[in-house]
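What follows is one structure encoded as structure tokens, with my remarks underneath.
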Amino acid sequence: MKTLLALVCICIFALPVLAESPHVAFPNGLSPEATYFPIGVWLQNPANAVRYKEAGINLYIGLWQGPTDEQLDQLKAQDIRVICGWNQTAQRRMDDPVFAGWMHQDEPDNAQPVTDPQTGKQSYGPPVKPETIVADYEEMKQRDPTRPIFLNLGQGVANDEWVGRGPGAQLSDYETYIKGCDIVSYDIYPITDLRREDGEDYLWLIAKGLDRLTRWTDGEKPIWNVIECTHINNPNQKPTPNQVKSEVWMSLIHGSKGIIYFVHEFQPKFNEKALLDDPQMLEAVTAINQQIHTLAPILNQPSLPEGITVESSNPEVPIAFMAKEFEGALYLFAINMRNIPVSATFSFKQSIQAIEDMEEERTIPISQQQITDTFSPYQVRMYKGKTD
């Protein structure tokens, strides 16, 4: 298995400056406040907005056969904003602050349905041309330059074995697709959608796609991604609460600036709001979201590009991390990138007085400006350090 990350990553300590919000360029778009982190839900009924808000959701992405006045009013009643498509209702209510942005069709990079005019039989043809997405973007920007344009791409961003992109599709197409948006997102569901019994061994594909989006955008656009939390189309498998937590934090550590949950279930039976009907998963997702909202002022700080290195005890098991500085403290978020237990040693250039595990409330011994800790498969660890 190819390693996704180098074993040694380097990060710099810098003065604690508040990062400029990626949303500040759009006066009617998402909040630029340091305490805000977008956590969305995909294509859900606004009638359930109160329950999603209780779960820490603050954004709807897409509205089925909408937007309609009723949908928008239901979201406004819960102070939840929406990124959605354009129609006559959107045109009439364009000045309504409920709109946080506009979106392209979903997954234009995948094969598109084609209907034979003679037989009515449906098949699949090529993906939407990247140039079409760019042209649509320019039109959308002319219509409303005050809100961002959102584009969600499919699993071809990360999965090079995916055959669902249709004839003529090339990996290089993505470099053009991403020119047609202000926020670029993608989805891949390793547990439910890869159709592999060992899907749990491939959670790292999430990070691969985010790293590619960062590279293709030169790090100049916010990147988001969609997280699985139900069976979706797989009646035999769904992620565990711990795997969902790993997917979310793997995303954050690899630069995702917005998390979206896909909560539909089509197998073993259709359920639009399957997350809400799964008490164990709902509790876990709620806890994850509350944690993100609490840490938002820290997550919204710039990552520190130097000053820390990490070495894994297993050359085949990378440890990914990001470091932040906030109000005089160092925050280190790390994750085991494989389904194998491992230990990791972090080395600090700057003098560290104490390191605490934020979740387990334990102090980590420091020796020669190093700490060593164990990681179970895909485990996330969060450290807070006191510096000199």
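Letters A, B, ... mark the chains of the structure tokens in the order given; residue numbers begin at 1 per chain; ligand numbers begin at 1, in order shown.
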
Sorted by chain and rising residue number, which residues of segment 262-364 of chain A lie within 8 Å of segment 229-241 of chain A, and what are their closest atom pairs and distances in Å to one decimal, counting only C-alpha atoms, as JSON lines?
{"residue": "A:Phe262", "atom": "CA", "partner": "A:Cys229", "partner_atom": "CA", "distance": 6.7}
{"residue": "A:Val263", "atom": "CA", "partner": "A:Thr230", "partner_atom": "CA", "distance": 6.0}
{"residue": "A:His264", "atom": "CA", "partner": "A:Ile232", "partner_atom": "CA", "distance": 5.9}
{"residue": "A:Glu265", "atom": "CA", "partner": "A:Ile232", "partner_atom": "CA", "distance": 4.1}
{"residue": "A:Phe266", "atom": "CA", "partner": "A:Asn233", "partner_atom": "CA", "distance": 5.2}
{"residue": "A:Gln267", "atom": "CA", "partner": "A:Pro235", "partner_atom": "CA", "distance": 4.9}
{"residue": "A:Pro268", "atom": "CA", "partner": "A:Pro235", "partner_atom": "CA", "distance": 4.8}
{"residue": "A:Ala274", "atom": "CA", "partner": "A:Thr230", "partner_atom": "CA", "distance": 6.6}
{"residue": "A:Leu275", "atom": "CA", "partner": "A:Thr230", "partner_atom": "CA", "distance": 6.5}
{"residue": "A:Gln280", "atom": "CA", "partner": "A:Pro241", "partner_atom": "CA", "distance": 7.6}
{"residue": "A:Met281", "atom": "CA", "partner": "A:Pro241", "partner_atom": "CA", "distance": 5.7}
{"residue": "A:Ala284", "atom": "CA", "partner": "A:Pro241", "partner_atom": "CA", "distance": 5.7}
{"residue": "A:Val285", "atom": "CA", "partner": "A:Pro241", "partner_atom": "CA", "distance": 7.5}

Go ahead and save the residues from that selection, with all heavy atoms, as a tab-separated table (two decimals), in the first residue's frame.
chain	number	residue	atom	x	y	z
A	262	PHE	N	-23.70	13.45	4.68
A	262	PHE	CA	-24.69	12.81	3.82
A	262	PHE	C	-25.46	11.84	4.69
A	262	PHE	O	-24.90	10.87	5.19
A	262	PHE	CB	-24.02	12.08	2.65
A	262	PHE	CG	-25.00	11.60	1.62
A	262	PHE	CD1	-25.38	12.43	0.57
A	262	PHE	CD2	-25.57	10.34	1.71
A	262	PHE	CE1	-26.30	11.99	-0.38
A	262	PHE	CE2	-26.49	9.90	0.78
A	262	PHE	CZ	-26.86	10.73	-0.26
A	263	VAL	N	-26.75	12.10	4.87
A	263	VAL	CA	-27.53	11.36	5.87
A	263	VAL	C	-28.65	10.52	5.27
A	263	VAL	O	-29.41	9.88	6.00
A	263	VAL	CB	-28.11	12.32	6.94
A	263	VAL	CG1	-26.99	13.12	7.59
A	263	VAL	CG2	-29.15	13.26	6.34
A	264	HIS	N	-28.77	10.50	3.96
A	264	HIS	CA	-29.76	9.63	3.31
A	264	HIS	C	-29.38	8.16	3.48
A	264	HIS	O	-28.20	7.83	3.64
A	264	HIS	CB	-29.85	9.92	1.81
A	264	HIS	CG	-30.54	11.18	1.45
A	264	HIS	ND1	-29.98	12.43	1.63
A	264	HIS	CD2	-31.76	11.39	0.90
A	264	HIS	CE1	-30.82	13.36	1.20
A	264	HIS	NE2	-31.91	12.75	0.75
A	265	GLU	N	-30.38	7.32	3.38
A	265	GLU	CA	-30.16	5.88	3.31
A	265	GLU	C	-31.11	5.31	2.26
A	265	GLU	O	-32.32	5.58	2.30
A	265	GLU	CB	-30.45	5.25	4.69
A	265	GLU	CG	-29.84	3.89	4.88
A	265	GLU	CD	-29.78	3.52	6.35
A	265	GLU	OE1	-30.81	3.03	6.88
A	265	GLU	OE2	-28.72	3.75	6.98
A	266	PHE	N	-30.56	4.56	1.31
A	266	PHE	CA	-31.36	3.97	0.23
A	266	PHE	C	-31.51	2.46	0.40
A	266	PHE	O	-32.42	1.86	-0.16
A	266	PHE	CB	-30.72	4.29	-1.12
A	266	PHE	CG	-30.54	5.77	-1.34
A	266	PHE	CD1	-29.31	6.38	-1.11
A	266	PHE	CD2	-31.59	6.57	-1.75
A	266	PHE	CE1	-29.13	7.74	-1.30
A	266	PHE	CE2	-31.43	7.94	-1.94
A	266	PHE	CZ	-30.19	8.52	-1.71
A	267	GLN	N	-30.60	1.86	1.14
A	267	GLN	CA	-30.64	0.43	1.44
A	267	GLN	C	-30.38	0.25	2.94
A	267	GLN	O	-29.56	0.98	3.49
A	267	GLN	CB	-29.58	-0.32	0.62
A	267	GLN	CG	-29.80	-0.28	-0.87
A	267	GLN	CD	-30.97	-1.13	-1.31
A	267	GLN	OE1	-31.38	-2.06	-0.60
A	267	GLN	NE2	-31.53	-0.82	-2.47
A	268	PRO	N	-31.03	-0.64	3.62
A	268	PRO	CA	-31.98	-1.63	3.11
A	268	PRO	C	-33.35	-1.06	2.74
A	268	PRO	O	-34.13	-1.73	2.09
A	268	PRO	CB	-32.09	-2.61	4.28
A	268	PRO	CG	-31.78	-1.79	5.49
A	268	PRO	CD	-30.76	-0.79	5.05
A	274	ALA	N	-31.97	9.35	7.77
A	274	ALA	CA	-31.53	8.17	8.51
A	274	ALA	C	-30.68	8.53	9.73
A	274	ALA	O	-30.73	7.84	10.75
A	274	ALA	CB	-30.75	7.23	7.59
A	275	LEU	N	-29.90	9.59	9.65
A	275	LEU	CA	-29.10	9.99	10.81
A	275	LEU	C	-29.99	10.30	12.00
A	275	LEU	O	-29.69	9.90	13.14
A	275	LEU	CB	-28.24	11.20	10.46
A	275	LEU	CG	-27.49	11.83	11.64
A	275	LEU	CD1	-26.51	10.84	12.26
A	275	LEU	CD2	-26.79	13.11	11.22
A	280	GLN	N	-27.56	6.20	18.23
A	280	GLN	CA	-26.14	6.10	18.53
A	280	GLN	C	-25.31	7.00	17.62
A	280	GLN	O	-24.43	7.73	18.09
A	280	GLN	CB	-25.68	4.65	18.40
A	280	GLN	CG	-24.21	4.45	18.77
A	280	GLN	CD	-23.72	3.03	18.53
A	280	GLN	OE1	-24.21	2.33	17.63
A	280	GLN	NE2	-22.76	2.58	19.31
A	281	MET	N	-25.60	6.97	16.32
A	281	MET	CA	-24.84	7.80	15.39
A	281	MET	C	-25.16	9.27	15.59
A	281	MET	O	-24.27	10.14	15.52
A	281	MET	CB	-25.11	7.38	13.95
A	281	MET	CG	-24.24	8.11	12.92
A	281	MET	SD	-22.48	7.75	13.10
A	281	MET	CE	-22.40	6.12	12.36
A	284	ALA	N	-23.20	10.59	18.44
A	284	ALA	CA	-21.79	10.74	18.09
A	284	ALA	C	-21.56	11.97	17.21
A	284	ALA	O	-20.63	12.75	17.44
A	284	ALA	CB	-21.29	9.49	17.38
A	285	VAL	N	-22.40	12.13	16.18
A	285	VAL	CA	-22.26	13.27	15.27
A	285	VAL	C	-22.48	14.58	16.03
A	285	VAL	O	-21.78	15.57	15.81
A	285	VAL	CB	-23.24	13.13	14.09
A	285	VAL	CG1	-23.37	14.45	13.32
A	285	VAL	CG2	-22.79	12.02	13.16

Inset, instruction - Return as a list of chain:residue names the full set of residues in segment 291-376 of chain A whose backbone-based DSSP assignment is alpha helix (DSSP H). - result: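 Answer for segment 291-376 of chain A, restricted to alpha helix (DSSP H): A:Gln291, A:Ile292, A:His293, A:Thr294, A:Leu295, A:Ala296, A:Pro297, A:Ile298, A:Leu299.
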
Legend entry - Contacts of Gln88 of chain A at 10 Å (only C-alpha atoms; same-chain gap of 3+ positions) as a ChimeraX atom specification: /A:66-68,91-94

Inset, instruction - Between atom CA of Gly164 of chain A and atom CA of Leu205 of chain A, measure the distance and give it in Å to one decimal. - result: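 Atom CA of Leu205 of chain A lies at a distance of 16.6 Å from atom CA of Gly164 of chain A.
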
Legend entry - Length of the atom CA of Val128 of chain A to atom CA of Gly168 of chain A vector [Å]: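 Going from atom CA of Val128 of chain A over to atom CA of Gly168 of chain A covers 10.5 Å.
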
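Using only C-alpha atoms, the smallest distance between any of A:Ile355, A:Ile298, A:Asp218, A:Asp182 and Tyr36 of chain A comes from A:Ile298.
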
Legend entry - Picked from segment 2-207 of chain A by DSSP as strand (DSSP E or B), as a PyMOL selection string: chain A and resi 11+39-42+59-61+81-84+99-103+113-115+122-124+149-153+183-187

Inset, instruction - Excluding Ser347 of chain A and any residue of its chain fewer than 3 positions from it, enumerate the residues within 8 Å of it, using only C-alpha atoms, and give them as a ChimeraX atom specification. - result: /A:308-310,369-371

Inset, instruction - Rounded to one decimal place, report the atom CA of Ile335 of chain A-atom CA of Trp204 of chain A distance in Å. - result: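 For atom CA of Ile335 of chain A relative to atom CA of Trp204 of chain A, the distance reads 10.5 Å.
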